[in-house]
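*Asks:* run-v6.pdb is reproduced below (PDB, C-alpha atoms).
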```
ATOM      1  CA  MET P   1     102.925 107.771 118.315
ATOM      2  CA  SER P   2     100.880 110.849 117.508
ATOM      3  CA  GLU P   3      97.236 110.813 116.496
ATOM      4  CA  ILE P   4      96.741 110.600 112.728
ATOM      5  CA  ILE P   5      94.416 113.309 111.504
ATOM      6  CA  VAL P   6      92.880 113.019 108.070
ATOM      7  CA  PRO P   7      91.174 116.342 107.363
ATOM      8  CA  ASP P   8      87.564 116.533 106.150
ATOM      9  CA  THR P   9      88.410 119.440 103.849
ATOM     10  CA  ILE P  10      91.373 120.628 101.827
ATOM     11  CA  ARG P  11      92.313 124.106 100.594
ATOM     12  CA  VAL P  12      93.170 124.026  96.892
ATOM     13  CA  VAL P  13      94.685 126.768  94.744
ATOM     14  CA  ILE P  14      92.595 126.329  91.616
ATOM     15  CA  PHE P  15      93.289 127.396  88.048
ATOM     16  CA  ASN P  16      92.650 131.120  88.450
ATOM     17  CA  GLY P  17      94.746 131.415  91.628
ATOM     18  CA  ARG P  18      91.697 131.449  93.876
ATOM     19  CA  VAL P  19      91.729 129.160  96.927
ATOM     20  CA  SER P  20      88.790 126.804  97.077
ATOM     21  CA  VAL P  21      87.923 124.820 100.193
ATOM     22  CA  MET P  22      86.410 121.472  99.272
ATOM     23  CA  ARG P  23      85.661 118.128 100.841
ATOM     24  CA  LEU P  24      88.775 115.985 100.814
ATOM     25  CA  GLU P  25      86.950 113.086  99.173
ATOM     26  CA  THR P  26      85.659 115.369  96.383
ATOM     27  CA  TYR P  27      89.199 116.568  95.808
ATOM     28  CA  LEU P  28      90.489 112.993  95.773
ATOM     29  CA  ALA P  29      88.124 111.943  93.003
ATOM     30  CA  GLY P  30      89.626 114.593  90.735
ATOM     31  CA  ALA P  31      93.199 113.782  91.787
ATOM     32  CA  VAL P  32      92.719 110.043  91.204
ATOM     33  CA  ALA P  33      91.110 110.629  87.811
ATOM     34  CA  MET P  34      94.007 112.839  86.733
ATOM     35  CA  ALA P  35      96.636 110.416  88.062
ATOM     36  CA  ILE P  36      95.445 107.169  86.452
ATOM     37  CA  GLY P  37      92.285 107.941  84.521
ATOM     38  CA  THR P  38      88.706 106.896  85.075
ATOM     39  CA  THR P  39      88.820 103.456  83.473
ATOM     40  CA  ALA P  40      91.654 101.839  85.444
ATOM     41  CA  PRO P  41      90.769  98.621  87.321
ATOM     42  CA  LEU P  42      88.950  99.228  90.610
ATOM     43  CA  GLU P  43      91.824  97.958  92.770
ATOM     44  CA  ALA P  44      94.257 100.304  91.011
ATOM     45  CA  LEU P  45      91.842 103.195  91.595
ATOM     46  CA  LYS P  46      91.642 102.239  95.280
ATOM     47  CA  ALA P  47      95.431 102.118  95.610
ATOM     48  CA  GLN P  48      95.697 105.526  93.970
ATOM     49  CA  ALA P  49      92.968 106.887  96.268
ATOM     50  CA  VAL P  50      94.925 105.762  99.348
ATOM     51  CA  ALA P  51      98.189 107.214  98.009
ATOM     52  CA  SER P  52      96.495 110.491  97.050
ATOM     53  CA  ARG P  53      94.644 110.753 100.383
ATOM     54  CA  THR P  54      97.873 110.141 102.285
ATOM     55  CA  TYR P  55      99.687 112.790 100.262
ATOM     56  CA  ALA P  56      96.849 115.295 100.708
ATOM     57  CA  ALA P  57      96.580 114.660 104.460
ATOM     58  CA  ARG P  58     100.239 115.741 104.872
ATOM     59  CA  ALA P  59     100.288 118.470 102.263
ATOM     60  CA  LYS P  60     101.005 122.024 103.321
ATOM     61  CA  ARG P  61     102.539 123.085 100.025
ATOM     62  CA  HIS P  62     101.157 126.606  99.651
ATOM     63  CA  PRO P  63     101.179 128.298 103.082
ATOM     64  CA  ASP P  64     101.803 131.684 101.450
ATOM     65  CA  GLN P  65      98.325 131.374  99.892
ATOM     66  CA  SER P  66      96.754 129.716 102.940
ATOM     67  CA  ALA P  67      96.311 126.555 100.866
ATOM     68  CA  ASP P  68      97.368 122.940 101.145
ATOM     69  CA  VAL P  69      97.783 121.999  97.473
ATOM     70  CA  CYS P  70      97.313 123.317  93.970
ATOM     71  CA  THR P  71      96.085 121.707  90.755
ATOM     72  CA  HIS P  72      99.503 121.408  89.101
ATOM     73  CA  ALA P  73     101.839 118.410  88.855
ATOM     74  CA  HIS P  74     104.203 119.560  91.626
ATOM     75  CA  CYS P  75     101.321 118.912  94.044
ATOM     76  CA  MET P  76      98.762 116.633  92.389
ATOM     77  CA  LYS P  77      97.085 117.350  89.095
ATOM     78  CA  TRP P  78      93.375 117.888  89.653
ATOM     79  CA  LYS P  79      90.174 118.604  87.797
ATOM     80  CA  ARG P  80      86.548 118.420  88.863
ATOM     81  CA  VAL P  81      85.066 115.006  88.062
ATOM     82  CA  ASP P  82      81.398 114.147  87.714
ATOM     83  CA  PRO P  83      80.262 110.942  89.480
ATOM     84  CA  ILE P  84      78.014 110.114  86.516
ATOM     85  CA  VAL P  85      81.020 110.174  84.174
ATOM     86  CA  ALA P  86      83.467 108.457  86.558
ATOM     87  CA  PRO P  87      81.465 106.203  88.909
ATOM     88  CA  GLU P  88      84.347 103.785  89.552
ATOM     89  CA  VAL P  89      86.600 106.620  90.713
ATOM     90  CA  PHE P  90      83.976 107.682  93.240
ATOM     91  CA  ARG P  91      83.479 104.044  94.250
ATOM     92  CA  ALA P  92      87.229 103.658  94.878
ATOM     93  CA  VAL P  93      87.372 106.844  96.943
ATOM     94  CA  SER P  94      84.281 105.774  98.899
ATOM     95  CA  GLU P  95      85.466 102.217  99.531
ATOM     96  CA  THR P  96      88.799 103.499 100.903
ATOM     97  CA  TRP P  97      87.233 106.364 102.896
ATOM     98  CA  GLY P  98      89.683 107.583 105.545
ATOM     99  CA  THR P  99      92.332 104.969 104.682
ATOM    100  CA  VAL P 100      95.900 106.273 104.631
ATOM    101  CA  ALA P 101      99.368 104.701 104.489
ATOM    102  CA  LEU P 102     101.465 104.746 107.653
ATOM    103  CA  HIS P 103     105.021 103.858 108.580
ATOM    104  CA  SER P 104     105.971 103.677 112.264
ATOM    105  CA  GLY P 105     102.614 105.228 113.122
ATOM    106  CA  GLU P 106     103.102 108.311 110.940
ATOM    107  CA  LEU P 107     101.702 109.310 107.552
ATOM    108  CA  ILE P 108     104.179 108.412 104.843
ATOM    109  CA  GLU P 109     105.448 110.789 102.195
ATOM    110  CA  ALA P 110     103.191 109.334  99.501
ATOM    111  CA  PHE P 111     105.000 110.196  96.305
ATOM    112  CA  TYR P 112     104.302 108.379  93.084
ATOM    113  CA  PHE P 113     105.569 108.590  89.543
ATOM    114  CA  GLU P 114     103.480 109.832  86.652
ATOM    115  CA  ASN P 115     105.597 107.882  84.169
ATOM    116  CA  CYS P 116     107.475 104.643  84.737
ATOM    117  CA  SER P 117     110.814 103.802  83.176
ATOM    118  CA  GLY P 118     110.827 100.243  84.498
ATOM    119  CA  LYS P 119     112.209 101.167  87.910
ATOM    120  CA  THR P 120     111.041 103.345  90.761
ATOM    121  CA  ARG P 121     113.650 105.466  92.550
ATOM    122  CA  ASP P 122     115.060 105.683  96.051
ATOM    123  CA  ALA P 123     114.186 108.886  97.882
ATOM    124  CA  GLU P 124     117.805 110.020  97.733
ATOM    125  CA  GLU P 125     117.762 109.796  93.930
ATOM    126  CA  MET P 126     114.940 112.328  93.974
ATOM    127  CA  ALA P 127     116.850 114.755  96.257
ATOM    128  CA  MET P 128     114.693 113.802  99.252
ATOM    129  CA  PRO P 129     115.670 112.583 102.716
ATOM    130  CA  ALA P 130     116.098 108.801 102.885
ATOM    131  CA  GLN P 131     113.008 106.901 103.984
ATOM    132  CA  PRO P 132     112.904 103.132 104.562
ATOM    133  CA  TYR P 133     109.659 102.857 102.591
ATOM    134  CA  LEU P 134     110.853 104.955  99.621
ATOM    135  CA  ARG P 135     113.174 102.403  98.065
ATOM    136  CA  GLY P 136     113.506 101.823  94.348
ATOM    137  CA  THR P 137     112.286  98.631  92.771
ATOM    138  CA  GLU P 138     112.039  97.112  89.330
ATOM    139  CA  CYS P 139     108.576  97.177  87.779
ATOM    140  CA  PRO P 140     107.222  95.628  84.578
ATOM    141  CA  CYS P 141     105.708  98.819  83.168
ATOM    142  CA  GLY P 142     108.890 100.126  81.558
TER     143      GLY P 142
END
```
Output the file's structure in the form of structure tokens.
*Replies:*
Amino acid sequence: MSEIIVPDTIRVVIFNGRVSVMRLETYLAGAVAMAIGTTAPLEALKAQAVASRTYAARAKRHPDQSADVCTHAHCMKWKRVDPIVAPEVFRAVSETWGTVALHSGELIEAFYFENCSGKTRDAEEMAMPAQPYLRGTECPCG
């Protein structure tokens, strides 16, 4: 098993194409807010924070720009969030600080759906390599 490294900072291609280096936890607040909003229940915000942190810790999506992620949906949507406006988002990120999802001692591919049709998908259905933890399941949201 290799050592799991969760970076302190992340390089983000922001709206104007400029790369901004920011604290990972600052980035996560904006990613969580964009993924599920600022008024979701605290436990949902925490779950999203862990999924987003895990995704970001693995992300090397824009090497041509010396960046890890961008602010668009093919990475994770992101916008700057103020802690005064979204205190529960910052609480969720803080209370899960450094927590990531692992499978067999490695960071998982932490993909999640923006919209639910009542069923999640197997990795193969999304043109990805099969993973034992990326299996489809029925869900009540559809």
*Asks:* Work out how far atom CA of Phe90 of chain P is from atom CA of Leu45 of chain P, in Å to one decimal.
*Replies:* 9.2 Å
*Asks:* Taking 4 positions as the minimum chain separation for residues in the same chain, which residues sit within 12 Å of segment 14-25 of chain P when counting only C-alpha atoms? Answer as number ranges by chain.
*Replies:* P: 6-10, 29-32, 49-50, 52-57, 59, 62-72, 75-81, 83, 89-99
*Asks:* Dump C-alpha atoms for the selected residues as a tab-separated table (two decimals), in the coordinates of the input?
*Replies:*
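Result file selection-v1.tsv:
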```tsv
chain	number	residue	atom	x	y	z
P	6	VAL	CA	92.88	113.02	108.07
P	7	PRO	CA	91.17	116.34	107.36
P	8	ASP	CA	87.56	116.53	106.15
P	9	THR	CA	88.41	119.44	103.85
P	10	ILE	CA	91.37	120.63	101.83
P	29	ALA	CA	88.12	111.94	93.00
P	30	GLY	CA	89.63	114.59	90.74
P	31	ALA	CA	93.20	113.78	91.79
P	32	VAL	CA	92.72	110.04	91.20
P	49	ALA	CA	92.97	106.89	96.27
P	50	VAL	CA	94.92	105.76	99.35
P	52	SER	CA	96.50	110.49	97.05
P	53	ARG	CA	94.64	110.75	100.38
P	54	THR	CA	97.87	110.14	102.28
P	55	TYR	CA	99.69	112.79	100.26
P	56	ALA	CA	96.85	115.30	100.71
P	57	ALA	CA	96.58	114.66	104.46
P	59	ALA	CA	100.29	118.47	102.26
P	62	HIS	CA	101.16	126.61	99.65
P	63	PRO	CA	101.18	128.30	103.08
P	64	ASP	CA	101.80	131.68	101.45
P	65	GLN	CA	98.32	131.37	99.89
P	66	SER	CA	96.75	129.72	102.94
P	67	ALA	CA	96.31	126.56	100.87
P	68	ASP	CA	97.37	122.94	101.14
P	69	VAL	CA	97.78	122.00	97.47
P	70	CYS	CA	97.31	123.32	93.97
P	71	THR	CA	96.08	121.71	90.76
P	72	HIS	CA	99.50	121.41	89.10
P	75	CYS	CA	101.32	118.91	94.04
P	76	MET	CA	98.76	116.63	92.39
P	77	LYS	CA	97.08	117.35	89.10
P	78	TRP	CA	93.38	117.89	89.65
P	79	LYS	CA	90.17	118.60	87.80
P	80	ARG	CA	86.55	118.42	88.86
P	81	VAL	CA	85.07	115.01	88.06
P	83	PRO	CA	80.26	110.94	89.48
P	89	VAL	CA	86.60	106.62	90.71
P	90	PHE	CA	83.98	107.68	93.24
P	91	ARG	CA	83.48	104.04	94.25
P	92	ALA	CA	87.23	103.66	94.88
P	93	VAL	CA	87.37	106.84	96.94
P	94	SER	CA	84.28	105.77	98.90
P	95	GLU	CA	85.47	102.22	99.53
P	96	THR	CA	88.80	103.50	100.90
P	97	TRP	CA	87.23	106.36	102.90
P	98	GLY	CA	89.68	107.58	105.54
P	99	THR	CA	92.33	104.97	104.68
```
*Asks:* Rounded to one decimal place, report the atom CA of Ala127 of chain P-atom CA of His103 of chain P distance in Å.
*Replies:* 20.3 Å
*Asks:* Which of these residues is nearest to Arg135 of chain P, using only C-alpha atoms: P:Ser104, P:Ile4, P:Ser117, P:Tyr112?
*Replies:*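 For Arg135 of chain P, the nearest of the given residues is P:Tyr112.
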*Asks:* Return as a PyMOL selection string the set of residues that the PyMOL selection byres ((chain P and resi 134) around 10) yields on the displayed structure.
*Replies:* chain P and resi 108-112+120-124+128-133+135-137
*Asks:* Of the residues P:Glu88, P:Val12, P:Glu125, P:Val100, which is the one nearest to Glu43 of chain P, using only C-alpha atoms?
*Replies:*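 Of P:Glu88, P:Val12, P:Glu125, P:Val100, the one nearest Glu43 of chain P is P:Glu88, counting only C-alpha atoms.
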*Asks:* Can you tell me how far atom CA of Ile84 of chain P sits from atom CA of Ala101 of chain P, in Å to one decimal?
*Replies:*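 Atom CA of Ala101 of chain P lies 28.4 Å from atom CA of Ile84 of chain P.
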*Asks:* Using all atoms listed in the file, which of the listed residues (P:Cys139, P:Leu102, P:Leu42, P:Val85) sits closest to Asn115 of chain P?
*Replies:*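 Result for the nearest residue to Asn115 of chain P: P:Cys139.
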*Asks:* Enclose all atoms of segment 68-77 of chain P listed in the file in an axis-aligned box, grow every side by 6 Å, and hand back centre and edge lengths in Å to one decimal, as lines of an AutoDock Vina configuration file.
*Replies:*
```
center_x = 100.1
center_y = 120.0
center_z = 95.0
size_x = 20.1
size_y = 18.7
size_z = 24.3
```
